[in-house]
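Asks: Just final.pdb, nothing more (PDB, C-alpha atoms):
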ATOM      1  CA  MET A   1     138.105  72.012  99.470
ATOM      2  CA  ILE A   2     139.060  75.696  99.406
ATOM      3  CA  ASP A   3     138.586  76.045  95.650
ATOM      4  CA  LYS A   4     135.170  74.386  95.896
ATOM      5  CA  MET A   5     134.109  76.759  98.684
ATOM      6  CA  LEU A   6     135.219  79.802  96.689
ATOM      7  CA  ASP A   7     133.607  78.436  93.511
ATOM      8  CA  MET A   8     130.295  77.872  95.312
ATOM      9  CA  ALA A   9     130.346  81.498  96.479
ATOM     10  CA  ALA A  10     131.516  82.689  93.026
ATOM     11  CA  VAL A  11     134.337  84.678  94.645
ATOM     12  CA  GLY A  12     136.043  87.041  92.253
ATOM     13  CA  PRO A  13     137.328  90.580  91.723
ATOM     14  CA  GLY A  14     135.519  93.143  93.808
ATOM     15  CA  ASP A  15     134.412  90.693  96.492
ATOM     16  CA  ARG A  16     135.211  91.450 100.123
ATOM     17  CA  VAL A  17     135.685  88.152 101.956
ATOM     18  CA  LEU A  18     135.465  87.670 105.706
ATOM     19  CA  ASP A  19     137.042  84.405 106.848
ATOM     20  CA  LEU A  20     135.986  83.496 110.376
ATOM     21  CA  GLY A  21     138.294  81.049 112.128
ATOM     22  CA  ILE A  22     141.178  81.328 109.646
ATOM     23  CA  GLY A  23     143.170  78.251 110.565
ATOM     24  CA  ASN A  24     146.236  78.707 108.373
ATOM     25  CA  GLY A  25     144.827  81.573 106.284
ATOM     26  CA  ARG A  26     144.609  79.578 103.055
ATOM     27  CA  ILE A  27     140.978  80.457 102.277
ATOM     28  CA  LEU A  28     141.581  84.217 102.293
ATOM     29  CA  ILE A  29     144.876  83.835 100.446
ATOM     30  CA  ALA A  30     143.123  81.766  97.750
ATOM     31  CA  ALA A  31     140.388  84.430  97.518
ATOM     32  CA  ALA A  32     143.073  87.110  97.076
ATOM     33  CA  ARG A  33     144.540  85.086  94.210
ATOM     34  CA  ARG A  34     141.112  85.578  92.577
ATOM     35  CA  ASP A  35     141.543  89.352  93.071
ATOM     36  CA  ALA A  36     139.156  89.497  96.030
ATOM     37  CA  SER A  37     140.190  91.320  99.191
ATOM     38  CA  GLY A  38     139.302  90.595 102.749
ATOM     39  CA  THR A  39     139.888  90.014 106.399
ATOM     40  CA  GLY A  40     140.660  86.860 108.339
ATOM     41  CA  ILE A  41     139.698  86.592 112.000
ATOM     42  CA  ASP A  42     140.964  84.181 114.635
ATOM     43  CA  ILE A  43     141.601  84.326 118.369
ATOM     44  CA  ASP A  44     145.036  82.698 118.047
ATOM     45  CA  PRO A  45     147.777  85.319 117.472
ATOM     46  CA  VAL A  46     150.192  82.619 116.294
ATOM     47  CA  LEU A  47     147.808  81.734 113.430
ATOM     48  CA  ILE A  48     147.484  85.442 112.616
ATOM     49  CA  ASP A  49     151.269  85.837 112.383
ATOM     50  CA  GLU A  50     151.611  82.699 110.249
ATOM     51  CA  SER A  51     148.806  83.808 107.928
ATOM     52  CA  ASN A  52     150.263  87.302 107.488
ATOM     53  CA  ALA A  53     153.654  85.762 106.694
ATOM     54  CA  ALA A  54     152.064  83.397 104.147
ATOM     55  CA  ALA A  55     150.208  86.287 102.466
ATOM     56  CA  ILE A  56     153.496  88.208 102.164
ATOM     57  CA  ARG A  57     155.281  85.114 100.851
ATOM     58  CA  VAL A  58     152.765  84.586  98.013
ATOM     59  CA  GLY A  59     152.396  88.291  97.212
ATOM     60  CA  VAL A  60     148.804  88.986  98.316
ATOM     61  CA  ALA A  61     149.438  90.924 101.540
ATOM     62  CA  ASP A  62     147.994  94.064  99.937
ATOM     63  CA  LEU A  63     144.626  92.291  99.556
ATOM     64  CA  THR A  64     144.503  90.529 102.928
ATOM     65  CA  ARG A  65     144.387  91.490 106.569
ATOM     66  CA  PHE A  66     144.531  88.941 109.382
ATOM     67  CA  MET A  67     143.473  90.001 112.867
ATOM     68  CA  ALA A  68     143.350  88.412 116.312
ATOM     69  CA  GLN A  69     139.821  89.194 117.413
ATOM     70  CA  ASP A  70     136.698  87.648 118.891
ATOM     71  CA  LEU A  71     134.549  86.675 115.897
ATOM     72  CA  PHE A  72     131.398  87.461 117.876
ATOM     73  CA  VAL A  73     132.274  91.165 117.910
ATOM     74  CA  THR A  74     133.849  91.348 114.459
ATOM     75  CA  PRO A  75     131.855  93.602 112.120
ATOM     76  CA  VAL A  76     130.459  91.627 109.184
ATOM     77  CA  ARG A  77     128.824  94.561 107.375
ATOM     78  CA  GLY A  78     130.514  95.470 104.097
ATOM     79  CA  HIS A  79     131.601  91.948 103.200
ATOM     80  CA  SER A  80     130.064  90.182 100.211
ATOM     81  CA  VAL A  81     131.254  86.696 101.208
ATOM     82  CA  VAL A  82     131.716  85.047 104.598
ATOM     83  CA  THR A  83     133.626  81.772 104.815
ATOM     84  CA  MET A  84     133.741  79.694 107.952
ATOM     85  CA  PHE A  85     134.794  76.361 109.368
ATOM     86  CA  LEU A  86     133.221  76.678 112.805
ATOM     87  CA  LEU A  87     131.378  74.358 115.142
ATOM     88  CA  PRO A  88     127.582  74.098 114.720
ATOM     89  CA  GLN A  89     126.790  76.024 117.905
ATOM     90  CA  VAL A  90     129.077  78.858 116.761
ATOM     91  CA  ASN A  91     127.332  78.998 113.370
ATOM     92  CA  LEU A  92     123.999  79.288 115.161
ATOM     93  CA  ARG A  93     125.254  82.089 117.419
ATOM     94  CA  LEU A  94     126.411  84.021 114.340
ATOM     95  CA  ARG A  95     123.342  83.352 112.190
ATOM     96  CA  SER A  96     121.123  86.239 113.292
ATOM     97  CA  ARG A  97     123.975  88.745 112.965
ATOM     98  CA  LEU A  98     124.858  87.483 109.492
ATOM     99  CA  LEU A  99     121.236  87.799 108.386
ATOM    100  CA  ARG A 100     120.859  91.247 109.928
ATOM    101  CA  ASP A 101     124.185  92.833 108.947
ATOM    102  CA  LEU A 102     125.094  91.372 105.555
ATOM    103  CA  ALA A 103     123.646  92.910 102.418
ATOM    104  CA  LEU A 104     120.997  91.189 100.345
ATOM    105  CA  GLY A 105     122.627  88.512  98.192
ATOM    106  CA  SER A 106     125.794  88.204 100.266
ATOM    107  CA  ARG A 107     127.104  84.644 100.264
ATOM    108  CA  ILE A 108     127.977  82.510 103.276
ATOM    109  CA  VAL A 109     129.922  79.281 102.835
ATOM    110  CA  SER A 110     130.488  76.830 105.652
ATOM    111  CA  HIS A 111     132.794  73.836 105.643
ATOM    112  CA  ALA A 112     131.332  70.810 107.419
ATOM    113  CA  PHE A 113     128.563  72.409 109.479
ATOM    114  CA  ASP A 114     125.131  73.775 108.552
ATOM    115  CA  MET A 115     122.905  76.300 110.315
ATOM    116  CA  ALA A 116     120.163  74.014 111.622
ATOM    117  CA  ASP A 117     116.755  74.994 110.221
ATOM    118  CA  TRP A 118     118.120  77.605 107.791
ATOM    119  CA  ALA A 119     118.234  75.422 104.687
ATOM    120  CA  PRO A 120     121.240  76.064 102.432
ATOM    121  CA  ASP A 121     120.730  77.351  98.899
ATOM    122  CA  SER A 122     123.155  74.716  97.683
ATOM    123  CA  THR A 123     125.456  72.046  99.027
ATOM    124  CA  GLY A 124     128.615  70.377  97.850
ATOM    125  CA  ARG A 125     130.999  67.642  98.824
ATOM    126  CA  VAL A 126     134.718  67.190  98.650
ATOM    127  CA  GLY A 127     135.724  63.740  99.748
ATOM    128  CA  GLY A 128     133.808  63.090 102.959
ATOM    129  CA  SER A 129     133.318  66.763 103.805
ATOM    130  CA  HIS A 130     130.104  68.703 103.272
ATOM    131  CA  LEU A 131     129.927  72.318 102.133
ATOM    132  CA  TYR A 132     126.944  74.632 102.529
ATOM    133  CA  LEU A 133     126.109  77.878 100.721
ATOM    134  CA  TRP A 134     123.500  80.414 101.771
ATOM    135  CA  ARG A 135     122.557  83.690 100.102
ATOM    136  CA  VAL A 136     121.283  86.378 102.437
ATOM    137  CA  PRO A 137     117.609  86.926 101.590
ATOM    138  CA  ALA A 138     115.712  90.192 101.550
ATOM    139  CA  ALA A 139     114.111  91.035 104.876
ATOM    140  CA  VAL A 140     110.396  91.030 104.016
ATOM    141  CA  ALA A 141     108.743  90.198 107.327
ATOM    142  CA  GLY A 142     106.168  92.699 108.473
ATOM    143  CA  GLU A 143     102.956  94.359 107.411
ATOM    144  CA  TRP A 144     102.855  95.760 103.891
ATOM    145  CA  VAL A 145     100.277  98.018 102.287
ATOM    146  CA  LEU A 146      99.685  97.368  98.587
ATOM    147  CA  ASP A 147      98.868 100.023  95.979
ATOM    148  CA  ASP A 148      95.160  99.209  96.221
ATOM    149  CA  GLY A 149      95.193  99.675 100.020
ATOM    150  CA  ALA A 150      95.116  95.976 100.852
ATOM    151  CA  ARG A 151      97.285  94.941 103.779
ATOM    152  CA  VAL A 152      99.485  91.876 103.717
ATOM    153  CA  THR A 153     101.358  90.464 106.671
ATOM    154  CA  LEU A 154     104.414  88.401 105.837
ATOM    155  CA  HIS A 155     106.193  86.071 108.210
ATOM    156  CA  GLN A 156     109.719  85.098 107.292
ATOM    157  CA  HIS A 157     111.709  82.136 108.455
ATOM    158  CA  PHE A 158     115.173  82.408 106.962
TER     159      PHE A 158
END
Since I need it in another form, could you write the structure as structure tokens?
Replies:
Amino acid sequence: MIDKMLDMAAVGPGDRVLDLGIGNGRILIAAARRDASGTGIDIDPVLIDESNAAAIRVGVADLTRFMAQDLFVTPVRGHSVVTMFLLPQVNLRLRSRLLRDLALGSRIVSHAFDMADWAPDSTGRVGGSHLYLWRVPAAVAGEWVLDDGARVTLHQHF
């Protein structure tokens, strides 16, 4: 499952991964094995300690940082990939922040749960589990004035 998620997001060297709801830290550790760096967030300090210990054990502690923090206040800006295995209502609460704060083209991969009416760019399956990938689109909503003076109003829905 983890390899498929990272493959879908094309995680590699130079990527900064944010793993929300780390569980046992394996997603971020696997990303670090691909020479990506990143941060794992969870509210459970026991999971943070276990994940830090696992990163040290496999030799990727210099590329990973696990923190006990509320994911709703965690900064997402500066990350090129966000991975998550969160409940649907949590995904929806995060959606507007992800769209607003992540750079154009940043990738978001979710295990098991989608983001309602924001259609994924691609999907995958491993066993009975679904995976969803979104790429953050350019923000184009608004009124635009073309070179010839014509005005165009664009409405954007994800």
Asks: Considering all atoms listed in the file, state which residue in the set A:Ser110, A:Thr74, A:Gln69, A:Thr83 is at the smallest distance from Gly25 in chain A.
Replies: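 Closest residue, counting all atoms listed in the file: A:Thr83.
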Asks: Quick one: pull the distance between CA of Ala103 in chain A and CA of Gly14 in chain A, Å, one decimal.
Replies: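 CA of Ala103 in chain A sits 14.7 Å away from CA of Gly14 in chain A.
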Asks: Ser51 in chain A: which residues within 12 Å, counting all atoms listed in the file, same-chain residues fewer than 5 positions away excluded, as a PDB file with C-alpha atoms, in the coordinates of the input?
Replies:
ATOM      1  CA  ASP A  19     137.042  84.405 106.848  1.00  0.00           C
ATOM      2  CA  GLY A  21     138.294  81.049 112.128  1.00  0.00           C
ATOM      3  CA  ILE A  22     141.178  81.328 109.646  1.00  0.00           C
ATOM      4  CA  GLY A  23     143.170  78.251 110.565  1.00  0.00           C
ATOM      5  CA  ASN A  24     146.236  78.707 108.373  1.00  0.00           C
ATOM      6  CA  GLY A  25     144.827  81.573 106.284  1.00  0.00           C
ATOM      7  CA  ARG A  26     144.609  79.578 103.055  1.00  0.00           C
ATOM      8  CA  ILE A  27     140.978  80.457 102.277  1.00  0.00           C
ATOM      9  CA  LEU A  28     141.581  84.217 102.293  1.00  0.00           C
ATOM     10  CA  ILE A  29     144.876  83.835 100.446  1.00  0.00           C
ATOM     11  CA  ALA A  30     143.123  81.766  97.750  1.00  0.00           C
ATOM     12  CA  THR A  39     139.888  90.014 106.399  1.00  0.00           C
ATOM     13  CA  GLY A  40     140.660  86.860 108.339  1.00  0.00           C
ATOM     14  CA  ILE A  41     139.698  86.592 112.000  1.00  0.00           C
ATOM     15  CA  ASP A  42     140.964  84.181 114.635  1.00  0.00           C
ATOM     16  CA  ASP A  44     145.036  82.698 118.047  1.00  0.00           C
ATOM     17  CA  PRO A  45     147.777  85.319 117.472  1.00  0.00           C
ATOM     18  CA  VAL A  46     150.192  82.619 116.294  1.00  0.00           C
ATOM     19  CA  ILE A  56     153.496  88.208 102.164  1.00  0.00           C
ATOM     20  CA  ARG A  57     155.281  85.114 100.851  1.00  0.00           C
ATOM     21  CA  VAL A  58     152.765  84.586  98.013  1.00  0.00           C
ATOM     22  CA  VAL A  60     148.804  88.986  98.316  1.00  0.00           C
ATOM     23  CA  ALA A  61     149.438  90.924 101.540  1.00  0.00           C
ATOM     24  CA  THR A  64     144.503  90.529 102.928  1.00  0.00           C
ATOM     25  CA  ARG A  65     144.387  91.490 106.569  1.00  0.00           C
ATOM     26  CA  PHE A  66     144.531  88.941 109.382  1.00  0.00           C
ATOM     27  CA  MET A  67     143.473  90.001 112.867  1.00  0.00           C
ATOM     28  CA  ALA A  68     143.350  88.412 116.312  1.00  0.00           C
TER      29      ALA A  68
END
Asks: Would you write out, as a PyMOL selection string, every residue that the PyMOL selection byres ((chain A and resi 123-133) around 10) captures in this file?
Replies: chain A and resi 1-2+4-5+8-9+82-83+85+107-115+119-122+134-136
Asks: So for range 104-110 of chain A, what box centre and size do we get, axis-aligned, 5 Å extra on each of the six sides, every listed atom, Å to one decimal, as AutoDock Vina command-line options?
Replies:
--center_x 125.7 --center_y 84.0 --center_z 101.9 --size_x 19.5 --size_y 24.4 --size_z 17.5
Asks: Would you pick out the contacts of Asp35 in chain A at 8 Å or less, using only C-alpha atoms, so that residues sharing its chain but fewer than 3 positions from it are not included, and give the list as a list in words?
Replies: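 My reading of the contact set: Gly12, Pro13, Gly14, Ala31, Ala32 and Leu63 of chain A.
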Asks: Kindly indicate which residue among A:Leu87, A:Ala36, A:Val81, A:Leu94 lies nearest to Asp62 in chain A, using all atoms listed in the file for the distances.
Replies: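 Checking each of A:Leu87, A:Ala36, A:Val81, A:Leu94 against Asp62 in chain A, counting all atoms listed in the file, the winner is A:Ala36.
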Asks: When you draw a straight line from CA of Glu143 in chain A to CA of Arg100 in chain A, how long is it in Å?
Replies: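 Distance reported for this atom pair: 18.3 Å.
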Asks: When the PyMOL selection byres ((chain A and resi 155) around 7) is applied to the file above, which residues end up in the set, as a list in words?
Replies: Ala141, Gly142, Thr153, Leu154, Gln156 and His157 of chain A
Asks: Compile the contact shell of Ser96 in chain A as a PyMOL selection string: residues with an atom at most 12 Å away, counting all atoms listed in the file, same-chain residues fewer than 4 positions apart removed.
Replies: chain A and resi 72+76+90-92+100-102+115+118+136+139+157-158
Asks: CA of Leu20 in chain A and CA of Leu47 in chain A, how far apart in Å?
Replies: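 CA of Leu20 in chain A lies at a distance of 12.3 Å from CA of Leu47 in chain A.
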Asks: Which is closer to Asp117 in chain A than all the others in A:Arg95, A:Asp147, A:Leu6, A:Pro137, using all atoms listed in the file?
Replies: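 Using all atoms listed in the file, the shortest distance to Asp117 in chain A belongs to A:Arg95.
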Asks: For Leu18 in chain A, which residue out of A:Ile43, A:Ala55, A:Met84, A:Val73 is the nearest one, using only C-alpha atoms?
Replies: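 Among the listed residues, A:Met84 lies closest to Leu18 in chain A.
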Asks: Closest to Ser37 in chain A among A:Val11, A:Leu146, A:Ala138, A:Leu104, using only C-alpha atoms?
Replies: A:Val11
Asks: Could you write range 66-81 of chain A as an mmCIF file, keeping the file's coordinate frame, with N, CA and C atoms rebuilt where they are missing?
Replies:
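New file result_0.cif:
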data_model
loop_
_atom_site.group_PDB
_atom_site.id
_atom_site.type_symbol
_atom_site.label_atom_id
_atom_site.label_comp_id
_atom_site.auth_asym_id
_atom_site.auth_seq_id
_atom_site.Cartn_x
_atom_site.Cartn_y
_atom_site.Cartn_z
ATOM 1 N N PHE A 66 144.839 89.959 108.381
ATOM 2 C CA PHE A 66 144.531 88.941 109.382
ATOM 3 C C PHE A 66 144.601 89.591 110.757
ATOM 4 N N MET A 67 143.572 89.343 111.565
ATOM 5 C CA MET A 67 143.473 90.001 112.867
ATOM 6 C C MET A 67 143.091 89.016 113.962
ATOM 7 N N ALA A 68 143.730 89.175 115.120
ATOM 8 C CA ALA A 68 143.350 88.412 116.312
ATOM 9 C C ALA A 68 142.183 89.152 116.955
ATOM 10 N N GLN A 69 141.027 88.537 116.912
ATOM 11 C CA GLN A 69 139.821 89.194 117.413
ATOM 12 C C GLN A 69 138.759 88.145 117.715
ATOM 13 N N ASP A 70 137.842 88.489 118.580
ATOM 14 C CA ASP A 70 136.698 87.648 118.891
ATOM 15 C C ASP A 70 135.710 87.743 117.724
ATOM 16 N N LEU A 71 135.418 86.636 117.074
ATOM 17 C CA LEU A 71 134.549 86.675 115.897
ATOM 18 C C LEU A 71 133.119 87.094 116.224
ATOM 19 N N PHE A 72 132.749 87.045 117.491
ATOM 20 C CA PHE A 72 131.398 87.461 117.876
ATOM 21 C C PHE A 72 131.246 88.981 117.953
ATOM 22 N N VAL A 73 132.351 89.697 117.933
ATOM 23 C CA VAL A 73 132.274 91.165 117.910
ATOM 24 C C VAL A 73 132.822 91.744 116.606
ATOM 25 N N THR A 74 133.311 90.897 115.741
ATOM 26 C CA THR A 74 133.849 91.348 114.459
ATOM 27 C C THR A 74 132.733 91.881 113.573
ATOM 28 N N PRO A 75 132.881 93.090 113.043
ATOM 29 C CA PRO A 75 131.855 93.602 112.120
ATOM 30 C C PRO A 75 131.811 92.752 110.845
ATOM 31 N N VAL A 76 130.612 92.402 110.421
ATOM 32 C CA VAL A 76 130.459 91.627 109.184
ATOM 33 C C VAL A 76 129.952 92.506 108.038
ATOM 34 N N ARG A 77 129.362 93.638 108.375
ATOM 35 C CA ARG A 77 128.824 94.561 107.375
ATOM 36 C C ARG A 77 129.927 94.964 106.378
ATOM 37 N N GLY A 78 129.558 95.058 105.122
ATOM 38 C CA GLY A 78 130.514 95.470 104.097
ATOM 39 C C GLY A 78 131.227 94.324 103.398
ATOM 40 N N HIS A 79 131.008 93.114 103.854
ATOM 41 C CA HIS A 79 131.601 91.948 103.200
ATOM 42 C C HIS A 79 130.558 91.303 102.289
ATOM 43 N N SER A 80 130.987 90.837 101.142
ATOM 44 C CA SER A 80 130.064 90.182 100.211
ATOM 45 C C SER A 80 130.075 88.671 100.364
ATOM 46 N N VAL A 81 131.127 88.146 100.991
ATOM 47 C CA VAL A 81 131.254 86.696 101.208
ATOM 48 C C VAL A 81 131.788 86.463 102.617
#
